[in-house]
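Undergrad: Contents of my_file.txt (compact mmCIF, C-alpha atoms and all ligand atoms):
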```txt
# COMPACT_ATOMS: atom_id res chain seq x y z
CA MET A 1 -59.71 5.87 -40.53
CA ILE A 2 -60.89 7.68 -37.37
CA MET A 3 -62.99 4.66 -36.40
CA LYS A 4 -59.96 2.41 -36.81
CA ARG A 5 -57.87 4.71 -34.59
CA LEU A 6 -60.60 4.78 -31.94
CA ALA A 7 -60.89 0.98 -31.99
CA ALA A 8 -57.12 0.62 -31.59
CA GLN A 9 -57.16 3.13 -28.72
CA GLU A 10 -60.01 1.28 -27.02
CA GLN A 11 -58.09 -1.99 -27.34
CA ARG A 12 -55.06 -0.29 -25.81
CA ILE A 13 -57.18 0.89 -22.85
CA LEU A 14 -58.63 -2.59 -22.36
CA SER A 15 -55.16 -4.10 -22.15
CA LEU A 16 -54.02 -1.36 -19.72
CA VAL A 17 -57.05 -2.11 -17.52
CA ALA A 18 -56.30 -5.85 -17.63
CA ASP A 19 -52.61 -5.25 -16.73
CA ASP A 20 -53.44 -2.95 -13.80
CA ALA A 21 -56.15 -5.31 -12.54
CA ALA A 22 -53.64 -8.19 -12.56
CA LEU A 23 -51.10 -6.08 -10.65
CA LEU A 24 -53.72 -5.06 -8.08
CA HIS A 25 -55.11 -8.61 -7.85
CA VAL A 26 -58.72 -7.73 -8.72
CA ALA A 27 -61.18 -8.99 -11.32
CA THR A 28 -60.72 -6.99 -14.52
CA PRO A 29 -63.42 -4.31 -14.70
CA ARG A 30 -65.33 -3.81 -17.93
CA VAL A 31 -64.90 -0.50 -19.75
CA ARG A 32 -67.58 1.66 -21.27
CA PHE A 33 -66.52 4.43 -23.65
CA VAL A 34 -68.86 7.42 -23.57
CA ASN A 35 -69.10 10.75 -25.35
CA THR A 36 -70.11 12.81 -22.30
CA SER A 37 -67.75 15.20 -20.56
CA ASN A 38 -68.46 14.06 -17.00
CA GLY A 39 -64.97 12.68 -16.55
CA PRO A 40 -63.93 9.11 -15.88
CA CYS A 41 -65.66 7.11 -13.16
CA TYR A 42 -66.01 3.63 -11.68
CA GLU A 43 -69.38 1.92 -11.19
CA ALA A 44 -69.07 -0.61 -8.36
CA LEU A 45 -72.42 -2.26 -9.05
CA PHE A 46 -71.36 -3.37 -12.53
CA ASN A 47 -67.59 -3.44 -11.88
CA ARG A 48 -67.30 -1.07 -14.82
CA ILE A 49 -65.10 1.86 -15.69
CA GLU A 50 -66.56 4.68 -17.73
CA LEU A 51 -64.18 6.74 -19.84
CA ASP A 52 -65.17 9.83 -21.77
CA ARG A 53 -63.65 10.89 -25.08
CA ALA A 54 -61.95 13.97 -23.58
CA THR A 55 -60.05 11.70 -21.17
CA LEU A 56 -59.03 9.44 -24.04
CA ALA A 57 -57.47 12.48 -25.69
CA LEU A 58 -55.00 12.89 -22.79
CA PRO A 59 -51.36 12.07 -23.52
CA GLU A 60 -50.60 8.36 -23.03
CA PRO A 61 -48.69 8.66 -19.68
CA LEU A 62 -51.53 10.66 -18.10
CA LEU A 63 -54.16 8.35 -19.55
CA ARG A 64 -52.34 5.42 -17.91
CA ILE A 65 -52.66 7.12 -14.50
CA VAL A 66 -56.36 7.76 -15.02
CA VAL A 67 -56.85 4.09 -15.92
CA ALA A 68 -54.76 2.96 -12.89
CA HIS A 69 -56.84 5.23 -10.61
CA GLU A 70 -60.11 3.77 -11.92
CA VAL A 71 -58.80 0.19 -11.56
CA GLY A 72 -57.76 1.26 -8.04
CA HIS A 73 -61.46 1.85 -7.35
CA ALA A 74 -62.16 -1.75 -8.41
CA THR A 75 -60.12 -2.88 -5.38
CA GLN A 76 -62.68 -1.02 -3.19
CA ARG A 77 -65.69 -2.67 -4.83
CA LYS A 78 -66.71 -4.90 -1.93
CA THR A 79 -66.51 -2.02 0.58
CA MET A 80 -68.42 0.31 -1.77
CA LEU A 81 -71.21 -2.24 -2.26
CA LEU A 82 -71.46 -3.01 1.46
CA ASP A 83 -71.60 0.74 2.17
CA PHE A 84 -74.41 1.13 -0.33
CA ALA A 85 -76.33 -1.88 1.01
CA TRP A 86 -75.96 -0.64 4.58
CA THR A 87 -77.24 2.84 3.65
CA VAL A 88 -80.25 1.47 1.77
CA LEU A 89 -81.04 -0.90 4.65
CA SER A 90 -80.78 1.87 7.26
CA VAL A 91 -83.00 4.26 5.28
CA MET A 92 -85.58 1.53 4.73
CA MET A 93 -85.59 0.57 8.40
CA LEU A 94 -86.00 4.18 9.43
CA LEU A 95 -88.81 4.80 6.93
CA SER A 96 -90.60 1.64 8.02
CA VAL A 97 -91.12 3.09 11.54
CA PRO A 98 -93.91 5.58 10.62
CA CYS A 99 -95.47 3.04 8.24
CA ILE A 100 -95.78 0.52 11.09
CA VAL A 101 -97.08 3.18 13.50
CA PHE A 102 -99.76 4.27 11.02
CA ALA A 103 -100.68 0.66 10.28
CA ILE A 104 -101.29 -0.25 13.92
CA SER A 105 -102.96 3.04 14.93
CA SER A 106 -106.70 3.49 14.73
CA GLU A 107 -108.15 6.51 12.95
CA ASP A 108 -108.90 8.15 16.32
CA ASP A 109 -105.29 7.74 17.47
CA LEU A 110 -103.83 9.47 14.45
CA TRP A 111 -103.93 12.95 15.99
CA ARG A 112 -101.88 11.62 18.94
CA ILE A 113 -99.01 10.58 16.71
CA THR A 114 -98.61 14.01 15.22
CA PHE A 115 -96.00 15.06 17.77
CA PRO A 116 -93.99 11.82 17.59
CA GLY A 117 -94.35 12.22 13.82
CA ILE A 118 -92.70 15.62 13.93
CA GLY A 119 -89.95 14.11 16.13
CA PHE A 120 -89.52 11.35 13.58
CA ALA A 121 -89.25 13.82 10.69
CA PHE A 122 -86.59 15.70 12.63
CA THR A 123 -84.70 12.46 13.39
CA LEU A 124 -84.88 11.49 9.72
CA PHE A 125 -83.54 14.91 8.69
CA VAL A 126 -80.63 14.64 11.15
CA CYS A 127 -79.85 11.06 10.07
CA LEU A 128 -79.85 12.02 6.38
CA LYS A 129 -77.53 14.94 7.15
CA ILE A 130 -75.13 12.66 9.09
CA TRP A 131 -75.28 10.07 6.30
CA SER A 132 -74.53 12.61 3.59
CA VAL A 133 -71.51 13.95 5.53
CA ARG A 134 -70.31 10.39 6.14
CA ALA A 135 -70.86 9.46 2.47
CA ALA A 136 -68.83 12.49 1.33
CA LYS A 137 -66.00 11.52 3.72
CA ARG A 138 -66.06 7.91 2.50
CA ALA A 139 -66.05 9.04 -1.14
CA ALA A 140 -63.05 11.32 -0.47
CA ALA A 141 -61.22 8.42 1.24
CA PHE A 142 -61.96 6.15 -1.75
CA GLU A 143 -60.51 8.80 -4.10
CA LEU A 144 -57.33 9.15 -2.04
CA ASP A 145 -56.92 5.37 -1.88
CA ALA A 146 -57.39 5.02 -5.66
CA ASP A 147 -54.82 7.83 -6.16
CA ALA A 148 -52.39 5.98 -3.88
CA LYS A 149 -52.82 2.82 -5.98
CA ALA A 150 -52.29 4.77 -9.20
CA ALA A 151 -49.13 6.29 -7.71
CA ALA A 152 -47.92 2.84 -6.65
CA LEU A 153 -48.42 1.53 -10.19
CA CYS A 154 -47.09 4.49 -12.19
CA GLY A 155 -45.08 6.64 -9.78
CA PRO A 156 -46.20 9.74 -7.81
CA ALA A 157 -44.65 12.28 -10.22
CA LEU A 158 -46.72 11.07 -13.18
CA ALA A 159 -49.75 10.64 -10.94
CA LEU A 160 -49.46 14.27 -9.83
CA ALA A 161 -49.18 15.45 -13.45
CA ALA A 162 -52.34 13.52 -14.29
CA LEU A 163 -54.20 14.93 -11.30
CA GLU A 164 -53.19 18.46 -12.31
CA ALA A 165 -54.47 17.85 -15.84
CA MET A 166 -57.76 16.48 -14.47
CA ALA A 167 -58.00 19.35 -11.96
CA ALA A 168 -57.82 21.82 -14.85
CA ARG A 169 -60.98 20.13 -16.18
CA GLY A 170 -62.65 20.39 -12.77
CA HIS A 171 -62.65 16.66 -11.98
CA VAL A 172 -60.15 16.71 -9.09
CA ASP A 173 -60.29 18.67 -5.83
CA ALA A 174 -57.47 20.38 -3.94
CA ALA A 175 -57.29 17.70 -1.20
CA ARG A 176 -56.30 15.05 -3.75
CA LEU A 177 -53.66 17.33 -5.28
CA ASP A 178 -52.24 18.10 -1.81
CA ALA A 179 -52.14 14.41 -0.85
CA MET A 180 -50.33 13.52 -4.07
CA ARG A 181 -47.83 16.39 -3.62
CA ALA A 182 -47.15 15.16 -0.06
CA ARG A 183 -46.67 11.62 -1.41
CA LEU A 184 -44.22 12.89 -4.03
CA VAL A 185 -42.23 14.78 -1.37
CA SER A 186 -42.14 11.78 1.01
CA THR A 187 -40.98 9.36 -1.71
CA SER A 188 -38.29 11.73 -3.00
CA GLN A 189 -36.77 12.14 0.46
ZN ZN B 1 -61.91 8.21 -8.53
```
As a first step, turn the structure in this file into structure tokens.
Ligand SMILES: [Zn+2]

TA:
Amino acid sequence: MIMKRLAAQEQRILSLVADDAALLHVATPRVRFVNTSNGPCYEALFNRIELDRATLALPEPLLRIVVAHEVGHATQRKTMLLDFAWTVLSVMMLLSVPCIVFAISSEDDLWRITFPGIGFAFTLFVCLKIWSVRAAKRAAAFELDADAKAAALCGPALALAALEAMAARGHVDAARLDAMRARLVSTSQ
């Protein structure tokens, strides 16, 4: 009986995902149902939405917002993948520098590259710091954009209610709540 109910619920989610994807003009993401409590997420690499059981237990209107938000991420897939590729490429290029220097240096020269080596390590540290700040900013922008798409599909009032429910579970930060409240105010004026 429980299995039947779960299967029906999963089918319902799949059709919601397909509907939202059609409205947002993106390829329909696949959906993976998981038992963890990490909250819903979107995996750009596989164009896949992951939904946990606790999210599935949300009331239908809120669940629809969560689904719309995750499908909203699917519209960012190309940008997310390019971001990822660019980061990997940059890190690899940077790491290749000392490898090349060591490869072309003779054993006797190695002591001379100690100082440039320290400079390189410092540069790498600074770059990684800048990248991590930039990545956090990009991730926050992706979240706000997916929220905006969910609000466009389901209305900002419902979207805010869903965000508040997710915030209570620790999956949503204050910036997203504030942005949605501002959106609600601007649309109701
Ligand atoms: Zn998200």

Undergrad: Atom CA of A:Arg48 and atom CA of A:Leu81, how far apart in Å?

TA: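 Spanning atom CA of A:Leu81 to atom CA of A:Arg48 is a straight-line distance of 13.2 Å.
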
Undergrad: Would you please work out which residue, of A:Leu14, A:Ile49, A:Ala159, A:Gly119, is nearest to A:Arg181 when using all atoms listed in the file?

TA: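 Among A:Leu14, A:Ile49, A:Ala159, A:Gly119, it is A:Ala159 that comes nearest to A:Arg181.
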
Undergrad: At a cut-off of 9 Å around ligand ZN 1 (chain B), and using all atoms listed in the file, what residues come up? Please write them as a list of chain:residue names.

TA: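 Taking all atoms listed in the file into account, the residues around ligand ZN 1 (chain B) at most 9 Å away are A:Pro40, A:Cys41, A:Tyr42, A:Val66, A:His69, A:Glu70, A:Gly72, A:His73, A:Ala139, A:Ala140, A:Phe142, A:Glu143, A:Leu144, A:Asp145, A:Ala146, A:Asp147, A:Val172.
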
Undergrad: From the options A:Ala148, A:Phe46, A:Arg53, A:Lys78, which residue's atoms come nearest to A:Gln9, counting only C-alpha atoms?

TA: A:Arg53

Undergrad: Which is closer to A:Thr36 than all the others in A:Leu177, A:Ala22, A:Cys127, A:Leu56, using all atoms listed in the file?

TA: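 With all atoms listed in the file as the atom set, the closest residue is A:Leu56.
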
Undergrad: Starting from the incomplete input, reconstruct N, CA and C atoms of stretch 56-82 of chain A and report them as a PDB file, in the frame of the given file.

TA:
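The resulting part.pdb:
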```pdb
ATOM      1  N   LEU A  56     -59.810  10.244 -23.092  1.00  0.00           N
ATOM      2  CA  LEU A  56     -59.030   9.440 -24.040  1.00  0.00           C
ATOM      3  C   LEU A  56     -58.050  10.292 -24.830  1.00  0.00           C
ATOM      4  N   ALA A  57     -58.344  11.584 -24.916  1.00  0.00           N
ATOM      5  CA  ALA A  57     -57.470  12.480 -25.690  1.00  0.00           C
ATOM      6  C   ALA A  57     -56.240  12.912 -24.888  1.00  0.00           C
ATOM      7  N   LEU A  58     -56.174  12.531 -23.608  1.00  0.00           N
ATOM      8  CA  LEU A  58     -55.000  12.890 -22.790  1.00  0.00           C
ATOM      9  C   LEU A  58     -53.758  12.184 -23.345  1.00  0.00           C
ATOM     10  N   PRO A  59     -52.576  12.772 -23.098  1.00  0.00           N
ATOM     11  CA  PRO A  59     -51.360  12.070 -23.520  1.00  0.00           C
ATOM     12  C   PRO A  59     -51.256  10.714 -22.820  1.00  0.00           C
ATOM     13  N   GLU A  60     -50.660   9.757 -23.523  1.00  0.00           N
ATOM     14  CA  GLU A  60     -50.600   8.360 -23.030  1.00  0.00           C
ATOM     15  C   GLU A  60     -50.176   8.204 -21.554  1.00  0.00           C
ATOM     16  N   PRO A  61     -49.096   8.874 -21.082  1.00  0.00           N
ATOM     17  CA  PRO A  61     -48.690   8.660 -19.680  1.00  0.00           C
ATOM     18  C   PRO A  61     -49.772   9.076 -18.695  1.00  0.00           C
ATOM     19  N   LEU A  62     -50.472  10.184 -19.007  1.00  0.00           N
ATOM     20  CA  LEU A  62     -51.530  10.660 -18.100  1.00  0.00           C
ATOM     21  C   LEU A  62     -52.755   9.735 -18.157  1.00  0.00           C
ATOM     22  N   LEU A  63     -53.032   9.272 -19.363  1.00  0.00           N
ATOM     23  CA  LEU A  63     -54.160   8.350 -19.550  1.00  0.00           C
ATOM     24  C   LEU A  63     -53.921   7.064 -18.735  1.00  0.00           C
ATOM     25  N   ARG A  64     -52.676   6.624 -18.681  1.00  0.00           N
ATOM     26  CA  ARG A  64     -52.340   5.420 -17.910  1.00  0.00           C
ATOM     27  C   ARG A  64     -52.650   5.608 -16.424  1.00  0.00           C
ATOM     28  N   ILE A  65     -52.380   6.831 -15.918  1.00  0.00           N
ATOM     29  CA  ILE A  65     -52.660   7.120 -14.500  1.00  0.00           C
ATOM     30  C   ILE A  65     -54.164   7.088 -14.253  1.00  0.00           C
ATOM     31  N   VAL A  66     -54.896   7.727 -15.179  1.00  0.00           N
ATOM     32  CA  VAL A  66     -56.360   7.760 -15.020  1.00  0.00           C
ATOM     33  C   VAL A  66     -56.895   6.334 -14.969  1.00  0.00           C
ATOM     34  N   VAL A  67     -56.405   5.492 -15.880  1.00  0.00           N
ATOM     35  CA  VAL A  67     -56.850   4.090 -15.920  1.00  0.00           C
ATOM     36  C   VAL A  67     -56.462   3.392 -14.605  1.00  0.00           C
ATOM     37  N   ALA A  68     -55.219   3.599 -14.137  1.00  0.00           N
ATOM     38  CA  ALA A  68     -54.760   2.960 -12.890  1.00  0.00           C
ATOM     39  C   ALA A  68     -55.623   3.405 -11.710  1.00  0.00           C
ATOM     40  N   HIS A  69     -55.987   4.702 -11.691  1.00  0.00           N
ATOM     41  CA  HIS A  69     -56.840   5.230 -10.610  1.00  0.00           C
ATOM     42  C   HIS A  69     -58.205   4.512 -10.634  1.00  0.00           C
ATOM     43  N   GLU A  70     -58.782   4.399 -11.829  1.00  0.00           N
ATOM     44  CA  GLU A  70     -60.110   3.770 -11.920  1.00  0.00           C
ATOM     45  C   GLU A  70     -60.030   2.281 -11.553  1.00  0.00           C
ATOM     46  N   VAL A  71     -58.963   1.603 -11.953  1.00  0.00           N
ATOM     47  CA  VAL A  71     -58.800   0.190 -11.560  1.00  0.00           C
ATOM     48  C   VAL A  71     -58.578   0.129 -10.038  1.00  0.00           C
ATOM     49  N   GLY A  72     -57.930   1.160  -9.487  1.00  0.00           N
ATOM     50  CA  GLY A  72     -57.760   1.260  -8.040  1.00  0.00           C
ATOM     51  C   GLY A  72     -59.110   1.235  -7.333  1.00  0.00           C
ATOM     52  N   HIS A  73     -60.104   1.879  -7.934  1.00  0.00           N
ATOM     53  CA  HIS A  73     -61.460   1.850  -7.350  1.00  0.00           C
ATOM     54  C   HIS A  73     -62.028   0.431  -7.339  1.00  0.00           C
ATOM     55  N   ALA A  74     -61.645  -0.370  -8.348  1.00  0.00           N
ATOM     56  CA  ALA A  74     -62.160  -1.750  -8.410  1.00  0.00           C
ATOM     57  C   ALA A  74     -61.722  -2.548  -7.189  1.00  0.00           C
ATOM     58  N   THR A  75     -60.577  -2.171  -6.586  1.00  0.00           N
ATOM     59  CA  THR A  75     -60.120  -2.880  -5.380  1.00  0.00           C
ATOM     60  C   THR A  75     -61.024  -2.535  -4.183  1.00  0.00           C
ATOM     61  N   GLN A  76     -61.804  -1.451  -4.295  1.00  0.00           N
ATOM     62  CA  GLN A  76     -62.680  -1.020  -3.190  1.00  0.00           C
ATOM     63  C   GLN A  76     -64.110  -1.527  -3.392  1.00  0.00           C
ATOM     64  N   ARG A  77     -64.315  -2.329  -4.429  1.00  0.00           N
ATOM     65  CA  ARG A  77     -65.690  -2.670  -4.830  1.00  0.00           C
ATOM     66  C   ARG A  77     -66.523  -3.254  -3.693  1.00  0.00           C
ATOM     67  N   LYS A  78     -65.945  -4.239  -2.989  1.00  0.00           N
ATOM     68  CA  LYS A  78     -66.710  -4.900  -1.930  1.00  0.00           C
ATOM     69  C   LYS A  78     -67.140  -3.875  -0.864  1.00  0.00           C
ATOM     70  N   THR A  79     -66.201  -3.030  -0.434  1.00  0.00           N
ATOM     71  CA  THR A  79     -66.510  -2.020   0.580  1.00  0.00           C
ATOM     72  C   THR A  79     -67.573  -1.061   0.077  1.00  0.00           C
ATOM     73  N   MET A  80     -67.440  -0.620  -1.191  1.00  0.00           N
ATOM     74  CA  MET A  80     -68.420   0.310  -1.770  1.00  0.00           C
ATOM     75  C   MET A  80     -69.822  -0.311  -1.768  1.00  0.00           C
ATOM     76  N   LEU A  81     -69.906  -1.585  -2.174  1.00  0.00           N
ATOM     77  CA  LEU A  81     -71.210  -2.240  -2.260  1.00  0.00           C
ATOM     78  C   LEU A  81     -71.815  -2.447  -0.866  1.00  0.00           C
ATOM     79  N   LEU A  82     -70.961  -2.822   0.088  1.00  0.00           N
ATOM     80  CA  LEU A  82     -71.460  -3.010   1.460  1.00  0.00           C
ATOM     81  C   LEU A  82     -71.938  -1.676   2.039  1.00  0.00           C
TER      82      LEU A  82
END
```
